[in-house]
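Below is one structure, written out as structure tokens; comments come after it.
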Amino acid sequence: MKYNGILFSIILLASFLTGSLASNRISLVCQANTCSYLLQFVLLLFVFIVSIEVGSKLDISRLNEIFTKTWSLVSSTIVGSLIAGVVFSLLFSYSIKLSLAISLGMGWYSFDAPTVEAYSGSMAGSLAFFANFFREFLTIALYPVASKLIGKTRPIIFGGATTMDTSLTVIKTIGDTDTIAVAFMHGAFLTLIVPLLVPALLSI
């Protein structure tokens with residue numbers, strides 16, 4: 001099935017807004033911890049199913065090419081995040097260390113926000129949360145359009161660490177088997193790197 005990029009982005013935005021508006025009602029029947037565990041279970045189940053699908057279709061002879069693409073994207077994501085942090089710091093006269101710590105969260109707001117908050121307080125933690133949350137949100141909303149303009153692989157860098165779970169949902173809908181494999185490994189590698197980079201930077 002072929003998707004119109006703009007239409008699919010609108011559908012995703014509408015789904016997000018609907019979920020946000022319904023959150024108050026849902027919270028009445030779903031305790032915070034229960035909802036969190038349920039979400040984790042659904043994400044893990046999704047990743048498991050995608051892994052089976054990708055594994056059954058993946059051409060083993062293309063693994064070297066896939067790993068090469070993955071490392072190229074991982075490097076580009078880290079460099080791009082560093083540049084974004086520097087630009088933000090210069091434009092808003094904000095601490096360069098905090099700007100880089102926030103940008104190097106690479107979409108992983110549930111890790112980056114509390115880590116930054118522990119170092120510099122609630123204001124910095126809130127900024128880290130919203131910056132990384134919107135990175136994830138914009139990836140989900142804009143990937144369908146971007147994939148039409150610059151190909152399915154390059155926009156993977158938008159999602160940072162989220163491409164192994166939350167934003168993988170939209171990438172899977174549009175991308176082919178190789179793209180899904182690259183996206184998952186890209187997110188997995190960054191998920192390993194972020195907990196090393198951010199605390200190390202803040203400790204300097």
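Following the order of the structure tokens, first chain is A, next is B, and so on, with residues numbered from 1 inside each chain and ligands from 1 in the order they appear.
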
Using only C-alpha atoms, which protein or nucleic acid residues come within 6 Å of Gly85 of chain A? Drop anything in the same chain fewer than 2 positions from it, and give the result as an NGL selection string. :A and (82-83 or 87-88 or 99-100 or 103)

Emit the selected residues as an mmCIF file, in the first residue's frame, including N, CA and C atoms.
data_model
loop_
_atom_site.group_PDB
_atom_site.id
_atom_site.type_symbol
_atom_site.label_atom_id
_atom_site.label_comp_id
_atom_site.auth_asym_id
_atom_site.auth_seq_id
_atom_site.Cartn_x
_atom_site.Cartn_y
_atom_site.Cartn_z
ATOM 1 N N LEU A 82 25.440 17.757 17.933
ATOM 2 C CA LEU A 82 26.451 18.649 18.491
ATOM 3 C C LEU A 82 26.335 20.051 17.887
ATOM 4 N N ILE A 83 26.171 20.100 16.579
ATOM 5 C CA ILE A 83 26.031 21.394 15.885
ATOM 6 C C ILE A 83 24.785 22.123 16.376
ATOM 7 N N VAL A 87 24.699 25.812 18.116
ATOM 8 C CA VAL A 87 23.896 26.893 17.525
ATOM 9 C C VAL A 87 22.905 27.438 18.553
ATOM 10 N N PHE A 88 22.239 26.531 19.285
ATOM 11 C CA PHE A 88 21.284 26.969 20.312
ATOM 12 C C PHE A 88 21.984 27.815 21.367
ATOM 13 N N SER A 99 23.527 23.012 26.708
ATOM 14 C CA SER A 99 22.983 22.928 25.350
ATOM 15 C C SER A 99 23.390 21.621 24.688
ATOM 16 N N LEU A 100 24.653 21.252 24.850
ATOM 17 C CA LEU A 100 25.142 20.002 24.253
ATOM 18 C C LEU A 100 24.545 18.787 24.959
ATOM 19 N N SER A 103 20.995 18.504 23.559
ATOM 20 C CA SER A 103 20.943 18.069 22.156
ATOM 21 C C SER A 103 21.430 16.637 21.994
#

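In this model, the gap between atom CA of Asn64 of chain A and atom CA of Val198 of chain A comes to 29.4 Å.
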
Could you pull the residues within 12 Å of Arg154 of chain A, counting only C-alpha atoms, minus those fewer than 3 positions along the same chain, as a PDB file with N, CA and C atoms, in the first residue's frame?
ATOM      1  N   LYS A  69      25.821   1.736   6.386  1.00  0.00           N
ATOM      2  CA  LYS A  69      24.822   2.803   6.394  1.00  0.00           C
ATOM      3  C   LYS A  69      24.491   3.220   7.825  1.00  0.00           C
ATOM      4  N   THR A  70      24.369   2.220   8.699  1.00  0.00           N
ATOM      5  CA  THR A  70      24.013   2.500  10.087  1.00  0.00           C
ATOM      6  C   THR A  70      25.065   3.369  10.759  1.00  0.00           C
ATOM      7  N   SER A  72      27.245   5.282   9.387  1.00  0.00           N
ATOM      8  CA  SER A  72      27.257   6.595   8.747  1.00  0.00           C
ATOM      9  C   SER A  72      26.160   7.482   9.328  1.00  0.00           C
ATOM     10  N   LEU A  73      24.974   6.911   9.520  1.00  0.00           N
ATOM     11  CA  LEU A  73      23.854   7.665  10.086  1.00  0.00           C
ATOM     12  C   LEU A  73      24.086   7.999  11.556  1.00  0.00           C
ATOM     13  N   VAL A  74      24.641   7.049  12.305  1.00  0.00           N
ATOM     14  CA  VAL A  74      24.929   7.291  13.722  1.00  0.00           C
ATOM     15  C   VAL A  74      25.911   8.456  13.860  1.00  0.00           C
ATOM     16  N   SER A  76      26.478  10.846  11.677  1.00  0.00           N
ATOM     17  CA  SER A  76      25.802  12.074  11.239  1.00  0.00           C
ATOM     18  C   SER A  76      24.860  12.594  12.313  1.00  0.00           C
ATOM     19  N   THR A  77      24.169  11.685  13.003  1.00  0.00           N
ATOM     20  CA  THR A  77      23.235  12.078  14.059  1.00  0.00           C
ATOM     21  C   THR A  77      23.975  12.748  15.211  1.00  0.00           C
ATOM     22  N   THR A 139       9.773  13.891  14.308  1.00  0.00           N
ATOM     23  CA  THR A 139      10.209  12.767  13.472  1.00  0.00           C
ATOM     24  C   THR A 139       9.009  11.957  13.006  1.00  0.00           C
ATOM     25  N   TYR A 143       8.576  12.467   9.073  1.00  0.00           N
ATOM     26  CA  TYR A 143       9.286  11.428   8.323  1.00  0.00           C
ATOM     27  C   TYR A 143       8.578  11.048   7.017  1.00  0.00           C
ATOM     28  N   PRO A 144       7.247  10.894   7.028  1.00  0.00           N
ATOM     29  CA  PRO A 144       6.579  10.537   5.762  1.00  0.00           C
ATOM     30  C   PRO A 144       6.840  11.539   4.644  1.00  0.00           C
ATOM     31  N   ALA A 146       9.452  13.807   4.570  1.00  0.00           N
ATOM     32  CA  ALA A 146      10.892  13.848   4.301  1.00  0.00           C
ATOM     33  C   ALA A 146      11.339  12.653   3.464  1.00  0.00           C
ATOM     34  N   SER A 147      10.734  11.483   3.701  1.00  0.00           N
ATOM     35  CA  SER A 147      11.122  10.291   2.947  1.00  0.00           C
ATOM     36  C   SER A 147      10.791  10.424   1.467  1.00  0.00           C
ATOM     37  N   LYS A 148       9.786  11.225   1.159  1.00  0.00           N
ATOM     38  CA  LYS A 148       9.429  11.473  -0.237  1.00  0.00           C
ATOM     39  C   LYS A 148      10.433  12.412  -0.897  1.00  0.00           C
ATOM     40  N   LEU A 149      10.997  13.316  -0.104  1.00  0.00           N
ATOM     41  CA  LEU A 149      11.872  14.361  -0.651  1.00  0.00           C
ATOM     42  C   LEU A 149      13.326  13.932  -0.732  1.00  0.00           C
ATOM     43  N   ILE A 150      13.829  13.249   0.307  1.00  0.00           N
ATOM     44  CA  ILE A 150      15.266  12.941   0.343  1.00  0.00           C
ATOM     45  C   ILE A 150      15.551  11.447   0.515  1.00  0.00           C
ATOM     46  N   GLY A 151      14.549  10.624   0.321  1.00  0.00           N
ATOM     47  CA  GLY A 151      14.753   9.185   0.449  1.00  0.00           C
ATOM     48  C   GLY A 151      14.379   8.678   1.830  1.00  0.00           C
ATOM     49  N   ILE A 157      17.996  10.004  10.689  1.00  0.00           N
ATOM     50  CA  ILE A 157      18.796  10.754  11.672  1.00  0.00           C
ATOM     51  C   ILE A 157      17.938  11.711  12.498  1.00  0.00           C
ATOM     52  N   PHE A 158      16.777  12.116  11.961  1.00  0.00           N
ATOM     53  CA  PHE A 158      15.902  13.014  12.715  1.00  0.00           C
ATOM     54  C   PHE A 158      15.510  12.391  14.059  1.00  0.00           C
ATOM     55  N   GLY A 159      15.261  11.082  14.046  1.00  0.00           N
ATOM     56  CA  GLY A 159      14.703  10.415  15.218  1.00  0.00           C
ATOM     57  C   GLY A 159      15.686  10.104  16.317  1.00  0.00           C
ATOM     58  N   GLY A 160      16.987  10.164  16.024  1.00  0.00           N
ATOM     59  CA  GLY A 160      17.974   9.854  17.048  1.00  0.00           C
ATOM     60  C   GLY A 160      17.765   8.470  17.647  1.00  0.00           C
ATOM     61  N   ILE A 171       8.444   4.589  10.528  1.00  0.00           N
ATOM     62  CA  ILE A 171       9.464   4.169   9.558  1.00  0.00           C
ATOM     63  C   ILE A 171       9.083   2.815   8.959  1.00  0.00           C
ATOM     64  N   GLY A 175       9.019   2.458   5.167  1.00  0.00           N
ATOM     65  CA  GLY A 175      10.300   1.957   4.683  1.00  0.00           C
ATOM     66  C   GLY A 175      10.281   0.503   4.257  1.00  0.00           C
ATOM     67  N   THR A 179      15.683  -0.465   5.223  1.00  0.00           N
ATOM     68  CA  THR A 179      15.482   0.794   5.949  1.00  0.00           C
ATOM     69  C   THR A 179      15.100   0.531   7.394  1.00  0.00           C
ATOM     70  N   VAL A 182      18.183  -0.718   9.301  1.00  0.00           N
ATOM     71  CA  VAL A 182      19.104   0.396   9.568  1.00  0.00           C
ATOM     72  C   VAL A 182      18.550   1.286  10.689  1.00  0.00           C
ATOM     73  N   ALA A 183      17.255   1.585  10.616  1.00  0.00           N
ATOM     74  CA  ALA A 183      16.631   2.443  11.629  1.00  0.00           C
ATOM     75  C   ALA A 183      16.728   1.816  13.013  1.00  0.00           C
ATOM     76  N   HIS A 186      20.377   1.850  14.178  1.00  0.00           N
ATOM     77  CA  HIS A 186      20.741   3.248  14.435  1.00  0.00           C
ATOM     78  C   HIS A 186      20.251   3.659  15.829  1.00  0.00           C
TER      79      HIS A 186
END

List the neighbours of segment 118-135 of chain A out to 7 Å using only C-alpha atoms; skip same-chain residues closer than 4 positions along the sequence, and give me the result as a ChimeraX atom specification. /A:102,105-109,112-114,139,159

Could those selected residues go to a file with C-alpha atoms, as an mmCIF file, in the first residue's frame?
data_model
loop_
_atom_site.group_PDB
_atom_site.id
_atom_site.type_symbol
_atom_site.label_atom_id
_atom_site.label_comp_id
_atom_site.auth_asym_id
_atom_site.auth_seq_id
_atom_site.Cartn_x
_atom_site.Cartn_y
_atom_site.Cartn_z
ATOM 1 C CA ILE A 102 20.261 18.487 25.875
ATOM 2 C CA GLY A 105 19.795 13.367 24.394
ATOM 3 C CA MET A 106 18.886 12.659 20.756
ATOM 4 C CA GLY A 107 15.191 12.228 21.404
ATOM 5 C CA TRP A 108 15.517 10.124 24.555
ATOM 6 C CA TYR A 109 13.674 12.527 26.835
ATOM 7 C CA ASP A 112 18.026 13.119 29.216
ATOM 8 C CA ALA A 113 15.526 15.207 31.209
ATOM 9 C CA PRO A 114 16.176 13.667 34.659
ATOM 10 C CA THR A 139 10.209 12.767 13.472
ATOM 11 C CA GLY A 159 14.703 10.415 15.218
#

If you run DSSP on this backbone, which residues of segment 72-112 of chain A come out as alpha helix (DSSP H), and could you give them as an MDAnalysis selection string? chainID A and resid 72:92 96:103 109:112

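Going from atom CA of Phe189 of chain A to atom CA of Ile156 of chain A covers 13.1 Å.
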
Among A:Leu168, A:Ile204, A:Leu90, A:Ala161, Phe111 of chain A is approached most closely, using only C-alpha atoms, by A:Ala161
